[in-house]
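File shown: input.csv (CSV, C-alpha atoms).
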chain,number,residue,atom,x,y,z
Y,7,GLU,CA,0.0,0.0,0.0
Y,8,LEU,CA,2.9,2.4,0.7
Y,9,MET,CA,4.3,1.6,-2.7
Y,10,SER,CA,0.9,2.3,-4.3
Y,11,MET,CA,1.2,5.8,-2.8
Y,12,ALA,CA,4.8,6.3,-4.0
Y,13,ALA,CA,6.1,6.4,-0.5
Y,14,PRO,CA,9.9,6.9,0.0
Y,15,LEU,CA,11.9,3.7,-0.2
Y,16,TRP,CA,13.0,3.8,3.4
Y,17,MET,CA,9.4,3.8,4.6
Y,18,VAL,CA,8.6,0.8,2.4
Y,19,GLU,CA,11.7,-1.0,3.7
Y,20,SER,CA,10.8,-0.2,7.3
Y,21,ALA,CA,7.3,-1.5,6.8
Y,22,ASN,CA,8.7,-4.7,5.4
Y,23,LYS,CA,10.9,-5.1,8.4
Y,24,ALA,CA,8.0,-4.5,10.7
Y,25,ALA,CA,6.0,-7.3,8.9
Y,26,ILE,CA,8.9,-9.6,9.6
Y,27,ASP,CA,9.0,-8.5,13.2
Y,28,GLU,CA,5.3,-9.6,13.5
Y,29,ILE,CA,6.3,-13.1,12.5
Y,30,LYS,CA,8.9,-13.1,15.3
Y,31,HIS,CA,6.2,-11.8,17.7
Y,32,THR,CA,3.9,-14.6,16.8
Y,33,ARG,CA,6.6,-17.1,17.6
Y,34,ILE,CA,7.3,-15.5,21.0
Y,35,ALA,CA,3.5,-15.5,21.7
Y,36,PHE,CA,3.3,-19.2,21.0
Y,37,ASP,CA,6.4,-19.8,23.2
Y,38,ILE,CA,4.8,-17.9,26.1
Y,39,MET,CA,1.4,-19.6,25.6
Y,40,ASN,CA,3.0,-23.1,25.6
Y,41,MET,CA,5.0,-22.2,28.7
Y,42,MET,CA,1.8,-21.3,30.5
Y,43,ARG,CA,0.1,-24.5,29.4
Y,44,ARG,CA,3.0,-26.6,30.6
Y,45,ALA,CA,2.8,-24.8,34.0
Y,46,HIS,CA,-1.0,-25.2,34.5
Y,47,ALA,CA,-2.2,-28.1,32.4
Y,48,ALA,CA,-1.9,-31.7,33.5
Y,49,ARG,CA,-1.3,-32.9,29.9
Y,50,PRO,CA,-0.6,-29.8,27.9
Y,51,ARG,CA,-0.7,-30.0,24.1
Y,52,CYS,CA,1.6,-27.8,22.1
Y,53,VAL,CA,-0.2,-24.9,20.5
Y,54,THR,CA,0.9,-24.2,17.0
Y,55,ALA,CA,-0.3,-22.1,14.0
Y,56,ASP,CA,-3.0,-23.6,11.8
Y,57,ALA,CA,-3.8,-22.8,8.1
Y,58,PHE,CA,-4.3,-19.1,7.5
Y,59,PRO,CA,-7.8,-18.3,6.2
Y,60,GLN,CA,-7.9,-17.7,2.4
Y,61,HIS,CA,-8.5,-14.1,1.4
Y,62,GLN,CA,-7.8,-11.5,-1.2
Y,63,ILE,CA,-6.2,-8.1,-0.8
Y,64,GLU,CA,-6.9,-5.2,-3.1
Y,65,ILE,CA,-4.2,-2.6,-3.4
Y,66,ASP,CA,-6.1,0.5,-4.5
Y,67,ALA,CA,-4.1,3.5,-3.3
Y,68,ASP,CA,-7.1,4.7,-1.3
Y,69,TYR,CA,-5.4,7.5,0.7
Y,70,GLU,CA,-8.4,8.0,3.0
Y,71,ARG,CA,-8.6,4.4,4.1
Y,72,ILE,CA,-4.8,3.8,4.3
Y,73,ALA,CA,-4.4,7.0,6.3
Y,74,MET,CA,-7.1,6.0,8.7
Y,75,ASP,CA,-5.6,2.5,9.1
Y,76,VAL,CA,-2.2,4.0,9.8
Y,77,VAL,CA,-3.5,6.4,12.5
Y,78,ILE,CA,-5.9,4.0,14.3
Y,79,GLY,CA,-3.8,0.8,14.1
Y,80,GLY,CA,-0.4,2.4,14.1
Y,81,CYS,CA,-0.3,5.8,15.9
Y,82,PHE,CA,-2.9,4.8,18.5
Y,83,GLY,CA,-2.7,1.0,18.5
Y,84,GLU,CA,1.1,0.4,18.2
Y,85,THR,CA,1.9,3.2,20.6
Y,86,MET,CA,-0.5,1.8,23.2
Y,87,SER,CA,0.9,-1.7,22.7
Y,88,ALA,CA,4.5,-0.7,23.2
Y,89,LEU,CA,3.9,1.3,26.3
Y,90,THR,CA,1.5,-1.0,28.1
Y,91,MET,CA,2.5,-4.6,27.3
Y,92,ARG,CA,5.1,-4.9,30.0
Y,93,GLU,CA,2.5,-3.9,32.7
Y,94,ARG,CA,0.0,-6.3,31.3
Y,95,LEU,CA,2.6,-9.1,31.5
Y,96,HIS,CA,3.5,-8.2,35.0
Y,97,LEU,CA,-0.2,-8.3,36.1
Y,98,HIS,CA,-0.8,-11.8,34.8
Y,99,LEU,CA,2.5,-13.6,34.8
Y,100,ASN,CA,4.3,-12.7,38.0
Y,101,ASP,CA,5.6,-16.3,38.6
Y,102,ASN,CA,7.8,-16.2,35.5
Y,103,TYR,CA,8.3,-12.5,35.2
Y,104,ASN,CA,12.1,-12.5,34.9
Y,105,LEU,CA,12.2,-14.9,31.9
Y,106,LEU,CA,9.1,-13.5,30.2
Y,107,ASN,CA,10.2,-9.9,30.7
Y,108,SER,CA,13.3,-10.6,28.6
Y,109,LEU,CA,11.0,-12.0,25.9
Y,110,ILE,CA,8.5,-9.2,25.9
Y,111,ALA,CA,11.3,-6.6,26.0
Y,112,GLU,CA,12.2,-7.6,22.4
Y,113,VAL,CA,8.6,-7.2,21.3
Y,114,ALA,CA,8.2,-3.9,23.1
Y,115,ASN,CA,11.3,-2.4,21.5
Y,116,ASP,CA,10.1,-3.5,18.0
Y,117,GLU,CA,6.7,-2.0,18.7
Y,118,ILE,CA,8.4,1.3,19.5
Y,119,ARG,CA,9.8,1.4,16.0
Y,120,HIS,CA,6.5,0.3,14.5
Y,121,ALA,CA,4.7,3.1,16.3
Y,122,ALA,CA,7.3,5.7,15.2
Y,123,LEU,CA,6.9,4.6,11.6
Y,124,ALA,CA,3.1,5.0,11.8
Y,125,TRP,CA,3.4,8.5,13.1
Y,126,THR,CA,5.9,9.3,10.3
Y,127,VAL,CA,3.7,7.8,7.6
Y,128,ALA,CA,0.8,9.8,9.0
Y,129,LYS,CA,2.9,13.0,8.8
Y,130,TRP,CA,3.9,12.1,5.2
Y,131,ILE,CA,0.3,11.5,4.1
Y,132,ILE,CA,-1.0,14.7,5.8
Y,133,ALA,CA,1.6,16.8,4.0
Y,134,ARG,CA,0.7,15.4,0.6
Y,135,HIS,CA,-3.0,14.8,0.9
Y,136,PRO,CA,-4.5,17.5,3.0
Y,137,ARG,CA,-8.1,16.4,2.1
Y,138,VAL,CA,-8.0,13.1,4.0
Y,139,THR,CA,-9.8,13.0,7.3
Y,140,VAL,CA,-6.7,12.7,9.5
Y,141,ALA,CA,-5.3,15.9,8.0
Y,142,ASN,CA,-7.9,17.7,10.1
Y,143,ARG,CA,-6.4,18.7,13.5
Y,144,GLU,CA,-9.8,18.7,15.1
Y,145,TRP,CA,-10.3,15.1,14.2
Y,146,TRP,CA,-7.2,14.1,16.2
Y,147,HIS,CA,-8.5,16.0,19.3
Y,148,SER,CA,-11.9,14.4,18.9
Y,149,MET,CA,-10.5,10.9,18.6
Y,150,LEU,CA,-8.2,11.5,21.6
Y,151,THR,CA,-11.1,12.7,23.7
Y,152,LEU,CA,-13.1,9.6,22.7
Y,153,LYS,CA,-10.1,7.3,23.6
Y,154,GLN,CA,-9.7,9.0,26.9
Y,155,ALA,CA,-13.4,8.5,27.8
Y,156,GLN,CA,-13.1,4.8,26.8
Y,157,ASN,CA,-10.0,4.3,28.9
Y,158,ASP,CA,-10.5,6.2,32.2
Y,159,GLU,CA,-8.2,4.1,34.4
Y,160,GLY,CA,-5.0,2.0,34.4
Y,161,HIS,CA,-2.0,2.2,32.1
Y,162,GLU,CA,-4.1,3.0,29.0
Y,163,HIS,CA,-5.5,6.0,30.9
Y,164,ARG,CA,-2.0,7.3,31.5
Y,165,VAL,CA,-0.9,6.9,27.9
Y,166,TYR,CA,-4.0,8.7,26.6
Y,167,ARG,CA,-3.7,11.5,29.1
Y,168,GLU,CA,0.0,12.1,29.2
Y,169,VAL,CA,1.7,10.6,26.1
Y,170,MET,CA,-0.7,10.9,23.2
Y,171,PRO,CA,-1.3,14.6,23.5
Y,172,ALA,CA,2.4,15.3,23.4
Y,173,LEU,CA,2.8,13.1,20.3
Y,174,ILE,CA,-0.1,14.7,18.5
Y,175,ASP,CA,1.4,18.2,19.3
Y,176,ARG,CA,4.8,16.9,18.0
Y,177,LEU,CA,3.1,15.6,14.8
Y,178,TRP,CA,1.4,18.9,13.9
Y,179,SER,CA,4.4,21.1,14.9
Y,180,ASN,CA,6.5,19.0,12.5
Y,181,VAL,CA,3.9,19.1,9.8
Y,182,ASP,CA,3.9,22.9,10.1
Y,183,ARG,CA,7.7,23.2,10.0
Y,184,LYS,CA,7.9,20.6,7.2
Y,185,THR,CA,10.5,18.7,9.1
Y,186,ASP,CA,12.4,15.9,7.3
Y,187,ASP,CA,10.5,12.7,7.7
Y,188,LEU,CA,13.5,10.6,8.7
Y,189,SER,CA,14.4,13.1,11.4
Y,190,PHE,CA,10.9,13.1,12.6
Y,191,TYR,CA,10.9,9.3,12.8
Y,192,GLU,CA,14.1,9.3,14.9
Y,193,SER,CA,12.7,12.0,17.3
Y,194,VAL,CA,9.4,10.0,17.8
Y,195,THR,CA,11.4,6.8,18.4
Y,196,GLN,CA,13.4,8.6,21.1
Y,197,GLU,CA,10.3,10.1,22.7
Y,198,LEU,CA,8.5,6.7,22.8
Y,199,GLN,CA,11.6,5.0,24.2
Y,200,SER,CA,11.8,7.6,27.0
Y,201,ASN,CA,8.1,7.1,27.8
Y,202,MET,CA,8.5,3.3,27.8
Y,203,ASN,CA,11.5,3.6,30.2
Y,204,SER,CA,9.4,5.8,32.5
Y,205,TYR,CA,7.2,2.7,33.2
Y,206,GLY,CA,10.2,0.9,34.5
Y,207,SER,CA,13.5,-0.4,33.1
Y,208,ILE,CA,13.1,-3.0,30.4
Y,209,PRO,CA,16.2,-5.1,29.8
Y,210,GLN,CA,17.4,-6.3,26.4
Y,211,ASN,CA,16.4,-9.8,25.5
Y,212,GLN,CA,18.8,-12.3,27.2
Y,213,CYS,CA,17.0,-15.7,26.7
Y,214,LYS,CA,14.5,-17.3,24.4
Y,215,LEU,CA,12.1,-20.2,24.8
Y,216,GLN,CA,12.6,-22.9,22.1
Rewrite the coordinates I just gave you, this time as structure tokens.
Amino acid sequence: ELMSMAAPLWMVESANKAAIDEIKHTRIAFDIMNMMRRAHAARPRCVTADAFPQHQIEIDADYERIAMDVVIGGCFGETMSALTMRERLHLHLNDNYNLLNSLIAEVANDEIRHAALAWTVAKWIIARHPRVTVANREWWHSMLTLKQAQNDEGHEHRVYREVMPALIDRLWSNVDRKTDDLSFYESVTQELQSNMNSYGSIPQNQCKLQ
């Protein structure tokens, strides 16, 4: 889809790397799931991937749809995932926290890059297609208000109250200044990394389940 919009090559390459990351995340998720089953089931059966449902994908260069997917799934979704997955893990998997934390750290750091890429693609689309819905500043504030109302407690509440407003302000200030996209990507990555660390230190991955 990025190629259909003539996106810069580095964005296409980054999106491809993110897709490969998701395969790795699936493997880690299966590892964690099977670890839990071994710990709590009398005769655990290994959970593996089944056949993927057949489907078709239409690449139509629909800027409106692609922009909305990037913002909802990427800017909001990936950012929330990166900044809250460690806390969700801690709440439910205390018994194996040290081992699982090292696994989830790898995923969280990948999600930081995915989220930063989404914010950058959103900026790129807004600058080139000002008629799409997400190019309206008021839409962002309305969506943020809705998300805040839907998540009025816990870690999600903190992200929507403290992190998202700053990221939205950063987005629009860089749109106005016409900042270089790659520089913007790097700055968002650093800001997200800083916010993730504020939730507690996340070590680099040191071990993996086979």
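With all atoms listed in the file as the basis for measurement, Y:Thr195 is the residue among Y:Thr195, Y:Phe36, Y:Ala12, Y:Leu173 that approaches Ala121 (chain Y) most closely.
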Inset, instruction - Just give me the gap between CA of Val113 (chain Y) and CA of His31 (chain Y) in Å, one decimal is fine. - result: 6.3 Å
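Shortest atom-to-atom contact with Met39 (chain Y) among Y:Leu106, Y:Ile78, Y:Val194, Y:Val140: Y:Leu106, counting all atoms listed in the file.
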Interface rows for region 114-153 of chain Y against region 66-74 of chain Y: nearest pair, Å to one decimal, 8 Å, only C-alpha atoms, as a Markdown table:
| residue | atom | partner | partner_atom | distance |
| --- | --- | --- | --- | --- |
| Y:Ala128 | CA | Y:Ala73 | CA | 6.5 |
| Y:Ile131 | CA | Y:Ala73 | CA | 6.9 |
| Y:His135 | CA | Y:Tyr69 | CA | 7.7 |
| Y:Val138 | CA | Y:Glu70 | CA | 5.2 |
| Y:Thr139 | CA | Y:Glu70 | CA | 6.7 |
| Y:Val140 | CA | Y:Met74 | CA | 6.8 |
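Distance-wise, CA of Cys52 (chain Y) and CA of Met91 (chain Y) end up 23.8 Å apart.
Picture a line from CA of Leu177 (chain Y) to CA of Glu112 (chain Y); it runs 26.1 Å.
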Inset, instruction - Please work out which residues fall within 12 Å of (10.7, 0.6, 14.8), coordinates as given in the file, with all atoms listed in the file counting, and return them as number ranges by chain. - result: Y: 17, 19-28, 80, 84-85, 88, 112-126, 191-196, 198-199
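Ranking Y:Ala57, Y:Gly79, Y:Thr90, Y:Val127 by their shortest atom-to-atom distance to Leu8 (chain Y), with all atoms listed in the file included, puts Y:Val127 first.
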